[in-house]
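Engineer: Dropping in input-v2.cif, which is mmCIF, N, CA and C atoms and all ligand atoms:
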```cif
data_target
#
loop_
_atom_site.label_atom_id
_atom_site.label_comp_id
_atom_site.auth_asym_id
_atom_site.auth_seq_id
_atom_site.Cartn_x
_atom_site.Cartn_y
_atom_site.Cartn_z
N MET A 285 163.47 161.75 119.62
CA MET A 285 164.25 161.48 118.40
C MET A 285 164.92 162.78 117.93
N VAL A 286 166.19 162.68 117.68
CA VAL A 286 166.90 163.84 117.14
C VAL A 286 167.24 163.55 115.68
N VAL A 287 166.92 164.50 114.84
CA VAL A 287 167.19 164.32 113.42
C VAL A 287 168.32 165.25 113.01
N GLU A 288 169.32 164.66 112.42
CA GLU A 288 170.43 165.47 111.92
C GLU A 288 170.28 165.60 110.41
N ILE A 289 170.22 166.83 109.95
CA ILE A 289 170.03 167.08 108.52
C ILE A 289 171.32 167.67 107.96
N LYS A 290 171.81 167.05 106.93
CA LYS A 290 173.06 167.55 106.34
C LYS A 290 172.83 167.96 104.89
N ILE A 291 173.36 169.10 104.52
CA ILE A 291 173.33 169.53 103.13
C ILE A 291 174.78 169.57 102.64
N ASP A 292 175.04 168.77 101.63
CA ASP A 292 176.38 168.74 101.05
C ASP A 292 176.43 169.82 99.95
N TYR A 293 177.00 170.96 100.30
CA TYR A 293 176.98 172.09 99.37
C TYR A 293 177.84 171.86 98.13
N SER A 294 178.72 170.89 98.19
CA SER A 294 179.51 170.60 96.99
C SER A 294 178.65 169.90 95.93
N ARG A 295 177.52 169.32 96.37
CA ARG A 295 176.62 168.66 95.41
C ARG A 295 175.44 169.55 95.02
N CYS A 296 175.11 170.53 95.85
CA CYS A 296 173.92 171.36 95.64
C CYS A 296 174.06 172.21 94.38
N VAL A 297 172.98 172.19 93.56
CA VAL A 297 172.99 173.01 92.35
C VAL A 297 172.04 174.21 92.47
N GLY A 298 171.51 174.42 93.67
CA GLY A 298 170.72 175.62 93.93
C GLY A 298 169.36 175.68 93.27
N CYS A 299 168.69 174.52 93.15
CA CYS A 299 167.39 174.49 92.46
C CYS A 299 166.24 174.94 93.36
N LYS A 300 166.45 175.01 94.66
CA LYS A 300 165.44 175.44 95.65
C LYS A 300 164.32 174.44 95.90
N GLU A 301 164.36 173.29 95.26
CA GLU A 301 163.25 172.34 95.39
C GLU A 301 163.08 171.85 96.83
N CYS A 302 164.17 171.68 97.54
CA CYS A 302 164.08 171.20 98.93
C CYS A 302 163.33 172.21 99.79
N VAL A 303 163.62 173.48 99.60
CA VAL A 303 162.95 174.53 100.38
C VAL A 303 161.47 174.57 100.05
N LYS A 304 161.14 174.42 98.77
CA LYS A 304 159.74 174.45 98.34
C LYS A 304 158.97 173.27 98.89
N VAL A 305 159.60 172.10 98.95
CA VAL A 305 158.86 170.89 99.30
C VAL A 305 158.69 170.72 100.81
N CYS A 306 159.51 171.33 101.60
CA CYS A 306 159.41 171.16 103.07
C CYS A 306 158.27 172.03 103.61
N SER A 307 157.26 171.37 104.17
CA SER A 307 156.10 172.11 104.71
C SER A 307 156.26 172.42 106.19
N PHE A 308 157.42 172.13 106.76
CA PHE A 308 157.57 172.28 108.20
C PHE A 308 158.52 173.41 108.60
N GLY A 309 158.92 174.20 107.62
CA GLY A 309 159.76 175.36 107.94
C GLY A 309 161.17 175.01 108.38
N VAL A 310 161.61 173.83 108.02
CA VAL A 310 162.94 173.40 108.45
C VAL A 310 164.02 174.05 107.58
N LEU A 311 163.71 174.18 106.30
CA LEU A 311 164.70 174.68 105.34
C LEU A 311 164.29 176.06 104.83
N GLU A 312 165.27 176.93 104.71
CA GLU A 312 165.00 178.24 104.14
C GLU A 312 166.08 178.58 103.12
N TRP A 313 165.70 179.43 102.18
CA TRP A 313 166.65 179.89 101.16
C TRP A 313 167.31 181.17 101.66
N LEU A 314 168.59 181.10 102.00
CA LEU A 314 169.29 182.25 102.56
C LEU A 314 170.63 182.41 101.86
N ASP A 315 170.94 183.64 101.47
CA ASP A 315 172.23 183.91 100.81
C ASP A 315 172.49 182.94 99.65
N ASP A 316 171.44 182.71 98.84
CA ASP A 316 171.60 181.89 97.64
C ASP A 316 171.88 180.42 97.92
N MET A 317 171.45 179.94 99.07
CA MET A 317 171.63 178.50 99.33
C MET A 317 170.57 178.01 100.32
N PRO A 318 170.28 176.71 100.28
CA PRO A 318 169.35 176.16 101.25
C PRO A 318 170.04 176.00 102.61
N VAL A 319 169.34 176.42 103.66
CA VAL A 319 169.93 176.37 105.00
C VAL A 319 168.95 175.69 105.95
N VAL A 320 169.47 174.86 106.83
CA VAL A 320 168.65 174.22 107.85
C VAL A 320 168.47 175.23 108.98
N VAL A 321 167.25 175.78 109.10
CA VAL A 321 167.04 176.83 110.10
C VAL A 321 166.31 176.32 111.34
N ASP A 322 165.57 175.21 111.20
CA ASP A 322 164.80 174.73 112.35
C ASP A 322 164.75 173.20 112.36
N PRO A 323 165.87 172.56 112.65
CA PRO A 323 165.94 171.09 112.56
C PRO A 323 164.95 170.38 113.48
N ASN A 324 164.59 171.02 114.60
CA ASN A 324 163.67 170.37 115.54
C ASN A 324 162.26 170.22 114.99
N SER A 325 161.93 170.96 113.95
CA SER A 325 160.60 170.85 113.35
C SER A 325 160.53 169.79 112.26
N CYS A 326 161.64 169.13 112.00
CA CYS A 326 161.65 168.13 110.93
C CYS A 326 160.77 166.94 111.27
N ALA A 327 159.89 166.57 110.34
CA ALA A 327 158.96 165.46 110.54
C ALA A 327 159.52 164.15 109.97
N PHE A 328 160.74 164.21 109.47
CA PHE A 328 161.39 163.03 108.90
C PHE A 328 160.57 162.43 107.75
N CYS A 329 159.92 163.28 107.00
CA CYS A 329 159.12 162.79 105.86
C CYS A 329 160.02 162.42 104.68
N LEU A 330 161.22 162.97 104.66
CA LEU A 330 162.23 162.72 103.63
C LEU A 330 161.84 163.22 102.23
N ASP A 331 160.81 164.08 102.18
CA ASP A 331 160.42 164.65 100.89
C ASP A 331 161.57 165.45 100.26
N CYS A 332 162.32 166.15 101.08
CA CYS A 332 163.42 166.94 100.53
C CYS A 332 164.50 166.03 99.93
N GLU A 333 164.79 164.95 100.63
CA GLU A 333 165.79 164.00 100.10
C GLU A 333 165.33 163.43 98.76
N LYS A 334 164.04 163.05 98.72
CA LYS A 334 163.52 162.44 97.49
C LYS A 334 163.48 163.43 96.35
N THR A 335 163.29 164.71 96.68
CA THR A 335 163.14 165.73 95.65
C THR A 335 164.48 166.24 95.13
N CYS A 336 165.48 166.21 95.96
CA CYS A 336 166.78 166.78 95.57
C CYS A 336 167.38 165.99 94.39
N PRO A 337 167.63 166.67 93.28
CA PRO A 337 168.12 165.98 92.08
C PRO A 337 169.55 165.46 92.20
N THR A 338 170.29 166.00 93.15
CA THR A 338 171.70 165.60 93.25
C THR A 338 172.02 164.84 94.55
N LYS A 339 170.96 164.50 95.29
CA LYS A 339 171.13 163.76 96.56
C LYS A 339 172.07 164.50 97.52
N ALA A 340 171.88 165.82 97.56
CA ALA A 340 172.75 166.64 98.43
C ALA A 340 172.28 166.65 99.89
N ILE A 341 171.01 166.23 100.12
CA ILE A 341 170.48 166.27 101.48
C ILE A 341 170.38 164.86 102.05
N THR A 342 170.86 164.70 103.27
CA THR A 342 170.73 163.41 103.94
C THR A 342 170.26 163.63 105.38
N HIS A 343 169.54 162.67 105.88
CA HIS A 343 169.03 162.70 107.24
C HIS A 343 169.57 161.52 108.03
N LYS A 344 169.78 161.79 109.30
CA LYS A 344 170.22 160.71 110.17
C LYS A 344 169.45 160.84 111.47
N GLU A 345 168.92 159.73 111.94
CA GLU A 345 168.23 159.72 113.22
C GLU A 345 169.23 159.34 114.29
N SER A 346 169.17 160.04 115.42
CA SER A 346 170.07 159.62 116.50
C SER A 346 169.37 159.73 117.84
S1 LIG B 401 162.50 165.47 105.92
FE1 LIG B 401 160.57 166.54 105.50
S2 LIG B 401 160.27 167.88 107.29
FE2 LIG B 401 162.43 167.22 107.30
S3 LIG B 401 163.55 168.86 106.24
FE3 LIG B 401 163.01 167.28 104.71
S4 LIG B 401 161.05 167.93 103.81
FE4 LIG B 401 161.36 169.08 105.73
S1 LIG B 402 167.04 170.27 96.26
FE1 LIG B 402 169.20 169.67 96.43
S2 LIG B 402 170.22 170.70 94.72
FE2 LIG B 402 168.23 171.69 95.01
S3 LIG B 402 168.66 173.45 96.36
FE3 LIG B 402 168.04 171.70 97.67
S4 LIG B 402 169.98 170.71 98.26
FE4 LIG B 402 170.41 172.04 96.52
#
```
Translate this structure into structure tokens?
Structural biologist:
Amino acid sequence: MVVEIKIDYSRCVGCKECVKVCSFGVLEWLDDMPVVVDPNSCAFCLDCEKTCPTKAITHKES
């Protein structure tokens, strides 16, 4: 399973909650924004999606 993680930076308000909630090291806070650094480690738990207040993060399975 390949998981595609997208962050829509036009919606992101920089709250860092997605980085805090991901326990798999997929997301990191770099240069003042959340960045997908290790997509292969994503467990598809969707905690980041549920936590993001602006629905800036989306996942797609392919
Ligand atoms: S779905 Fe879960 S494992 Fe994947 S990036 Fe979001 S919080 Fe991390
Ligand atoms: S939780 Fe959403 S709004 Fe907050 S930093 Fe992550 S992507 Fe941006």
Engineer: Which residue out of A:Ala340, A:Val287, A:Cys329, A:Ser294 has the minimum interatomic distance to Cys306 in chain A when only C-alpha atoms are used?
Structural biologist: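 Looking only at the distances to Cys306 in chain A, the closest residue turns out to be A:Cys329.
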Engineer: Check which residues fall inside 7 Å of ligand LIG 401 (chain B) when counting only C-alpha atoms and all ligand atoms, and print them as a list in words.
Structural biologist: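 Taking only C-alpha atoms and all ligand atoms into account, the residues around ligand LIG 401 (chain B) at most 7 Å away are Cys302, Val305, Cys306, Ser307, Phe308, Gly309, Val310, Leu311, Ser325, Cys326, Ala327, Phe328, Cys329, Leu330, Asp331, Cys332 and Glu333 of chain A.
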Engineer: Around ligand LIG 402 (chain B), which protein and nucleic acid residues have at least one atom no more than 9 Å from it, if we count only C-alpha atoms and all ligand atoms? List them as number ranges by chain.
Structural biologist: A: 291-293, 295-305, 311, 313, 317-319, 332-341
Engineer: What does the distance between atom N of Lys344 in chain A and atom N of Val320 in chain A come to in Å, to one decimal place?
Structural biologist: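 These two atoms are separated by 13.3 Å.
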Engineer: Let's see if you can do this: from backbone DSSP, list all strand (DSSP E) residues in chain A, as a ChimeraX atom specification.
Structural biologist: /A:287-291,311-314,317-320,341-345
Engineer: Enclose all atoms of range 285-295 of chain A listed in the file in an axis-aligned box, grow every side by 4 Å, and hand back centre and edge lengths in Å to one decimal, as lines of an AutoDock Vina configuration file.
Structural biologist:
```
center_x = 171.5
center_y = 166.8
center_z = 107.3
size_x = 24.0
size_y = 18.6
size_z = 32.6
```
Engineer: Chain A: which residues are alpha helix (DSSP H) by DSSP, as a PyMOL selection string?
Structural biologist: chain A and resi 301-305+331-335
